[in-house]
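Peer 1: Here's a structure for you.
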Amino acid sequence: MKKYNVALIGTGFMGKAHSIATAVVPILFGAPVEIERKIIVDIDEELARDAAKQYGFAEYTTDWRDVINRPDVDIVDICTPNDTHAEIAIAAALAGKHVMCEKPMAMTVADAEKMQAAAQKTGVVTMVSYNYRHTPAIQMAKKLIDEGRIGKILSFRGYYLQDWGADPSTPLSWRFNKAKAGSGTLGDIGTHVIDAARLLVGEFASVNSIVKTFIAERPLPAGRFFGPAGQASSEKGQVDVDDAALTMIHFTNGVYGTIEVTRNAWGHHNQLGFEIHGTKGSIAFDYQRLNELRVAFADDPADTFGFRTIYSGPHQPFGDKLWPVAGMGQGYIDVKSIEWYNFLKAIAENAPASPNFDDGLQIERIAEAILNSGVSGNWEEIEQPAV
C-alpha cells in the first residue's frame with residue numbers, strides 16, 4: 001500500500017480537527033491508503049513548533065511555499081483564513097498534490113474557477129471541507145430521499161444559527177473582515193446549508209435574499225486572537241461583512257425553499273438544520289442532535305402517525321465502522337474522520353471526491369448571487385455547472 005504524506009497548513013481549530021481525523025481514520029475505517037502527518041505550517045514559528053509536537057507531525061515550517069514542491073509531500077491540507085485558499089490550492093494542484101481545502105473554497109467565483117482549472121489540469125483529487133454532509137444522519141436522509149420514501153420533494157427549509165457573534169463586545173477577528181473572509185455569516189456557515197441543500201434537493205436556479213450587518217463595529221483584539229473568547233482592546237474597528245442572510249430559493253427541479261443563517265441568534269450555539277417536505281413524508285435534522293433524524297411517512301397508521309426518530313448506529317451509512325449500538329453517540333471528530341476517509345478513498349481509487357472543487361465553485365456562485373441579491377433586492381439567476 002502506497003504511503004501518502006500530508007502537509008497541513010494552519011494550526012488553529014480546524015488544523016487540530018483535521019489532525020485528529022487523519023490520526024483516527026486508520027483506526028475507525030482501516031485507511032484505504034497509508035498516510036503520515038509529515039509537516040505542519042504556521043506563519044508563527046512558536047505555534048508551528050508547538051503544533052507539530054501536539055498534533056503529531058514530523059516537521060514544521062513557517063512558509064507554505066517550502067512544502068508545495070517537496071517530492072515527499074503528496075497531500076496539501078489547507079486550514080488557513082479564506083484569503084489564502086486560492087493561492088495555496090492553485091500552487092499545490094499545479095505541483096501535482098491532492099488538495100483538501102477548508103470552506104468556503106475561495107473569496108470569489110473568479111478565484112474558485114482558477115482553483116478548479118488548476119486541479120483539472122493535473123487531475124489531482126480535491127475536496128472542499130463541507131464536513132457536515134458526511135454526518136451519518138444526513139447521509140441517511142439522502143438515502144431515504146433517493147429511495148423515494150418521502151415521494152417528490154416539495155420544499156426545503158434550511159438554517160444555520162449561531163450566537164457567538166451576537167455580543168457586540170466580541171473582538172473583530174478576521175471573520176468580520178471582508179479582505180480576509182470574503183463574506184461574513186454567509187461564507188462562514190451559510191455555505192454549509194447550501195451544500196446540504198444541493199446534496200439533498202438539487203441545483204439552485206435563482207435566489208432572492210435579504211443580507212444584513214447588525215453590528216457595524218467591534219473592539220479590536222488584544223494580542224493573539226483564537227475565537228470569540230479572545231481578549232478585546234479599547235480601540236474599535238469596522239465590520240464590513242454580513243451578520244445574517246435570509247434567502248428564498250428556486251431549485252432547477254421546481255422545488256422551492258428558504259435558508260436562514262445568522263451569528264446573532266442568542267441561545268443557538270451551532271444549530272445547523274433543515275426540514276424537507278415531500279408528497280409522501282417529511283425529514284427533519286438538527287446538528288445539535290446529530291445522532292437523530294426525524295421522519296414522518298404519510299402511509300404510517302393513523303393511530304401512530306407523526307414524527308419518529310431514527311438514531312444513528314450500525315444500520316445507517318458509515319455506522320458499521322463507528323460504534324456497535326445505536327444511540328451510543330457519534331461526534332464532530334467522527335464526522336471529520338468520515339470526511340477524510342471519503343477523501344482518501346477517492347485518492348486510492350483515482351476517482352472524484354465529493355464535494356470537490358466543482359462543487360465548491362458552484363457553491364461560490366450561489367453565495368455570490370445571494371450577496372448580489374441582498375444589494376439589488378432582485379431575484380438573481382445562477383450559472384449552472386458544466387455538464
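Ordering of the C-alpha cells sets the chain letters (A, B, ...); residue numbers start at 1 within each chain; ligands are numbered from 1 in the order shown.
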Tell me which protein, DNA and RNA residues are within 9 Å of stretch 173-186 of chain A, counting only C-alpha atoms, leaving out same-chain ones fewer than 3 positions away, and put them as a compact mmCIF listing (two decimals) with N, CA and C atoms, in the first residue's frame.

Peer 2:
# COMPACT_ATOMS: atom_id res chain seq x y z
N PRO A 81 -7.02 31.08 6.86
CA PRO A 81 -8.08 32.04 6.53
C PRO A 81 -8.38 32.06 5.03
N ASN A 82 -9.59 32.50 4.71
CA ASN A 82 -10.13 32.36 3.36
C ASN A 82 -9.29 33.03 2.28
N ASP A 83 -8.64 34.14 2.62
CA ASP A 83 -7.93 34.90 1.59
C ASP A 83 -6.69 34.20 1.07
N THR A 84 -6.27 33.11 1.71
CA THR A 84 -5.08 32.38 1.28
C THR A 84 -5.42 31.10 0.51
N PRO A 104 -15.06 28.47 3.15
CA PRO A 104 -15.50 28.38 1.77
C PRO A 104 -14.29 28.21 0.87
N ALA A 106 -13.18 29.67 -1.75
CA ALA A 106 -12.44 30.84 -2.21
C ALA A 106 -13.14 32.11 -1.78
N MET A 107 -12.51 33.24 -2.05
CA MET A 107 -13.08 34.55 -1.75
C MET A 107 -14.07 35.00 -2.82
N THR A 108 -13.84 34.55 -4.06
CA THR A 108 -14.65 34.98 -5.19
C THR A 108 -14.87 33.83 -6.14
N THR A 170 -17.66 41.03 21.30
CA THR A 170 -16.81 40.01 20.69
C THR A 170 -15.79 40.67 19.76
N ILE A 189 -20.84 30.04 7.61
CA ILE A 189 -21.76 28.94 7.95
C ILE A 189 -22.85 28.73 6.90
N GLY A 190 -23.21 29.79 6.17
CA GLY A 190 -24.28 29.65 5.20
C GLY A 190 -23.96 28.66 4.09
N THR A 191 -22.69 28.61 3.71
CA THR A 191 -22.31 27.70 2.63
C THR A 191 -22.49 26.23 3.02
N HIS A 192 -22.44 25.93 4.32
CA HIS A 192 -22.72 24.57 4.76
C HIS A 192 -24.17 24.18 4.43
N VAL A 211 -29.80 40.58 3.12
CA VAL A 211 -28.49 40.41 3.77
C VAL A 211 -28.25 41.62 4.66
N ARG A 218 -16.72 46.62 16.14
CA ARG A 218 -16.37 45.74 17.25
C ARG A 218 -15.00 46.17 17.79
N LEU A 220 -11.15 45.90 18.61
CA LEU A 220 -10.04 45.16 18.02
C LEU A 220 -9.50 44.16 19.03
N PRO A 221 -8.97 43.05 18.57
CA PRO A 221 -8.43 42.05 19.51
C PRO A 221 -7.17 42.55 20.18
N PHE A 225 -5.54 36.24 18.66
CA PHE A 225 -6.97 36.01 18.72
C PHE A 225 -7.27 34.60 18.24
N PHE A 226 -7.97 33.83 19.07
CA PHE A 226 -8.26 32.45 18.72
C PHE A 226 -9.75 32.16 18.63
N GLY A 227 -10.60 33.17 18.74
CA GLY A 227 -12.03 32.92 18.66
C GLY A 227 -12.80 33.93 19.48
N PRO A 228 -14.09 33.69 19.68
CA PRO A 228 -14.93 34.65 20.38
C PRO A 228 -14.52 34.89 21.82
N GLY A 230 -11.52 35.49 22.74
CA GLY A 230 -10.30 36.29 22.75
C GLY A 230 -10.48 37.61 23.47
N GLN A 238 -14.19 48.59 12.12
CA GLN A 238 -15.42 48.42 11.35
C GLN A 238 -15.64 46.97 10.93
N VAL A 239 -16.87 46.54 10.98
CA VAL A 239 -17.31 45.25 10.44
C VAL A 239 -17.82 45.51 9.02
N ASP A 240 -17.28 44.86 8.03
CA ASP A 240 -17.70 45.11 6.65
C ASP A 240 -18.20 43.85 5.96
N VAL A 241 -18.71 42.89 6.76
CA VAL A 241 -19.31 41.68 6.19
C VAL A 241 -20.68 41.47 6.83
N ASP A 242 -21.42 40.51 6.29
CA ASP A 242 -22.78 40.25 6.73
C ASP A 242 -22.84 39.52 8.07
N ASP A 243 -23.84 39.89 8.88
CA ASP A 243 -24.15 39.18 10.13
C ASP A 243 -25.21 38.11 9.91
N ALA A 244 -26.09 38.35 8.93
CA ALA A 244 -27.23 37.46 8.73
C ALA A 244 -27.70 37.54 7.29
N ALA A 245 -28.31 36.45 6.82
CA ALA A 245 -28.89 36.42 5.48
C ALA A 245 -30.12 35.52 5.48
N VAL A 261 -29.47 32.16 7.82
CA VAL A 261 -28.20 32.00 8.53
C VAL A 261 -27.91 33.27 9.32
N THR A 262 -27.42 33.08 10.54
CA THR A 262 -27.10 34.22 11.38
C THR A 262 -26.13 33.79 12.48
N ARG A 263 -25.29 34.76 12.91
CA ARG A 263 -24.45 34.55 14.10
C ARG A 263 -24.97 35.40 15.26
N ALA A 367 -23.43 31.61 -3.45
CA ALA A 367 -23.17 32.60 -2.40
C ALA A 367 -23.06 34.01 -2.98
N ILE A 370 -26.47 35.31 -3.76
CA ILE A 370 -27.17 35.72 -2.54
C ILE A 370 -26.73 37.11 -2.12
N LEU A 371 -25.42 37.36 -2.12
CA LEU A 371 -24.91 38.68 -1.75
C LEU A 371 -25.38 39.74 -2.74

Peer 1: What lies within 6 Å of A:Ser206 using only C-alpha atoms, ignoring chain neighbours under 5 positions off, as a ChimeraX atom specification?

Peer 2: /A:250,380-382

Peer 1: What does the distance from atom CA of A:Leu200 to atom CA of A:Thr258 come to in Å, to one decimal?

Peer 2: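 Distance between the two atoms: 13.9 Å.
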
Peer 1: Pick from A:Leu290, A:Asn264, A:Ala348, A:Arg157: nearest to A:Met328, with only C-alpha atoms counted?

Peer 2: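 Of the candidates, the smallest distance to A:Met328 is held by A:Leu290.
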
Peer 1: Of the residues A:Glu45, A:Lys2, A:Phe13, A:Ala7, which is the one nearest to A:Val67, using only C-alpha atoms?

Peer 2: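 That would be A:Ala7, the residue with the smallest distance to A:Val67.
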
Peer 1: Sorted by chain and rising residue number, which residues of stretch 247-350 of chain A lie within 7 Å of stretch 127-150 of chain A, and what are their closest atom pairs and distances in Å to one decimal, counting only C-alpha atoms, as CSV?

Peer 2:
residue,atom,partner,partner_atom,distance
A:Gly278,CA,A:Ile150,CA,5.1
A:Thr279,CA,A:Ile150,CA,6.2
A:Lys280,CA,A:Ile150,CA,4.3
A:Gly281,CA,A:Ile150,CA,4.2
A:Ser282,CA,A:Ile150,CA,6.1
A:Ile283,CA,A:Ala141,CA,7.0
A:Leu290,CA,A:Ala137,CA,6.8
A:Asn291,CA,A:Ala137,CA,6.4
A:Glu292,CA,A:Ala137,CA,6.5
A:Leu293,CA,A:Ala137,CA,5.7
A:Phe297,CA,A:Ile150,CA,6.6
A:Ser312,CA,A:Ala137,CA,6.1
A:Gln316,CA,A:Met140,CA,6.1
A:Pro317,CA,A:Pro136,CA,5.4
A:Phe318,CA,A:Pro136,CA,6.4
A:Gly319,CA,A:Pro136,CA,6.9
A:Val335,CA,A:Thr135,CA,5.4
A:Lys336,CA,A:Asn131,CA,6.1
A:Ile338,CA,A:His134,CA,6.3
A:Glu339,CA,A:His134,CA,6.0
A:Phe343,CA,A:Met127,CA,6.7

Peer 1: Among stretch 233-341 of chain A, which ones does DSSP place in alpha helix (DSSP H), written as number ranges by chain?

Peer 2: A: 332-341

Peer 1: Would you put the residues from that selection into a file with N, CA and C atoms, as a PDB file, in the first residue's frame?

Peer 2:
ATOM      1  N   TYR A 332     -18.320  15.213  16.514  1.00  0.00           N
ATOM      2  CA  TYR A 332     -17.719  16.052  15.488  1.00  0.00           C
ATOM      3  C   TYR A 332     -16.517  15.371  14.837  1.00  0.00           C
ATOM      4  N   ILE A 333     -15.660  14.772  15.638  1.00  0.00           N
ATOM      5  CA  ILE A 333     -14.460  14.135  15.083  1.00  0.00           C
ATOM      6  C   ILE A 333     -14.817  12.889  14.293  1.00  0.00           C
ATOM      7  N   ASP A 334     -15.859  12.180  14.685  1.00  0.00           N
ATOM      8  CA  ASP A 334     -16.318  11.055  13.866  1.00  0.00           C
ATOM      9  C   ASP A 334     -16.675  11.538  12.464  1.00  0.00           C
ATOM     10  N   VAL A 335     -17.379  12.673  12.393  1.00  0.00           N
ATOM     11  CA  VAL A 335     -17.788  13.206  11.094  1.00  0.00           C
ATOM     12  C   VAL A 335     -16.565  13.646  10.288  1.00  0.00           C
ATOM     13  N   LYS A 336     -15.611  14.331  10.950  1.00  0.00           N
ATOM     14  CA  LYS A 336     -14.383  14.725  10.239  1.00  0.00           C
ATOM     15  C   LYS A 336     -13.615  13.493   9.752  1.00  0.00           C
ATOM     16  N   SER A 337     -13.655  12.433  10.519  1.00  0.00           N
ATOM     17  CA  SER A 337     -12.951  11.211  10.117  1.00  0.00           C
ATOM     18  C   SER A 337     -13.607  10.574   8.906  1.00  0.00           C
ATOM     19  N   ILE A 338     -14.942  10.585   8.868  1.00  0.00           N
ATOM     20  CA  ILE A 338     -15.645  10.081   7.687  1.00  0.00           C
ATOM     21  C   ILE A 338     -15.269  10.912   6.466  1.00  0.00           C
ATOM     22  N   GLU A 339     -15.204  12.235   6.639  1.00  0.00           N
ATOM     23  CA  GLU A 339     -14.795  13.120   5.551  1.00  0.00           C
ATOM     24  C   GLU A 339     -13.428  12.719   5.011  1.00  0.00           C
ATOM     25  N   TRP A 340     -12.472  12.529   5.898  1.00  0.00           N
ATOM     26  CA  TRP A 340     -11.121  12.168   5.459  1.00  0.00           C
ATOM     27  C   TRP A 340     -11.082  10.767   4.856  1.00  0.00           C
ATOM     28  N   TYR A 341     -11.873   9.855   5.392  1.00  0.00           N
ATOM     29  CA  TYR A 341     -11.948   8.524   4.785  1.00  0.00           C
ATOM     30  C   TYR A 341     -12.428   8.624   3.340  1.00  0.00           C
TER      31      TYR A 341
END

Peer 1: Which distance in Å separates atom CA of A:Gly237 and atom CA of A:Phe214, to one decimal?

Peer 2: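 Pair atom CA of A:Gly237 / atom CA of A:Phe214 returns 14.3 Å.
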
Peer 1: List the neighbours of A:Phe285 out to 7 Å using only C-alpha atoms; skip same-chain residues closer than 2 positions along the sequence, and give me the result as a list in words.

Peer 2: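 Contacts, in chain order: Gly273, Phe274, Glu275, Ile283, Tyr287, Leu293 and Arg294 of chain A.
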
Peer 1: Write the residues you've just listed into a file as an mmCIF file, in the first residue's frame, and include C-alpha atoms for each of them.

Peer 2:
data_model
loop_
_atom_site.group_PDB
_atom_site.id
_atom_site.type_symbol
_atom_site.label_atom_id
_atom_site.label_comp_id
_atom_site.auth_asym_id
_atom_site.auth_seq_id
_atom_site.Cartn_x
_atom_site.Cartn_y
_atom_site.Cartn_z
ATOM 1 C CA GLY A 273 -30.647 22.066 10.426
ATOM 2 C CA PHE A 274 -33.280 21.517 7.771
ATOM 3 C CA GLU A 275 -36.754 20.201 7.085
ATOM 4 C CA ILE A 283 -37.484 14.647 7.098
ATOM 5 C CA TYR A 287 -26.936 19.085 14.093
ATOM 6 C CA LEU A 293 -33.002 12.026 12.150
ATOM 7 C CA ARG A 294 -36.720 12.754 12.485
#

Peer 1: To one decimal place in Å, what is the distance between atom CA of A:Ala48 and atom CA of A:Ile9?

Peer 2: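 Taking atom CA of A:Ala48 and atom CA of A:Ile9, their separation equals 9.5 Å.
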
Peer 1: When distances are computed from only C-alpha atoms, which of A:Phe357, A:Phe29, A:Tyr60, A:Phe251 shows the smallest separation from A:Leu47?

Peer 2: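 With only C-alpha atoms as the atom set, the closest residue is A:Tyr60.
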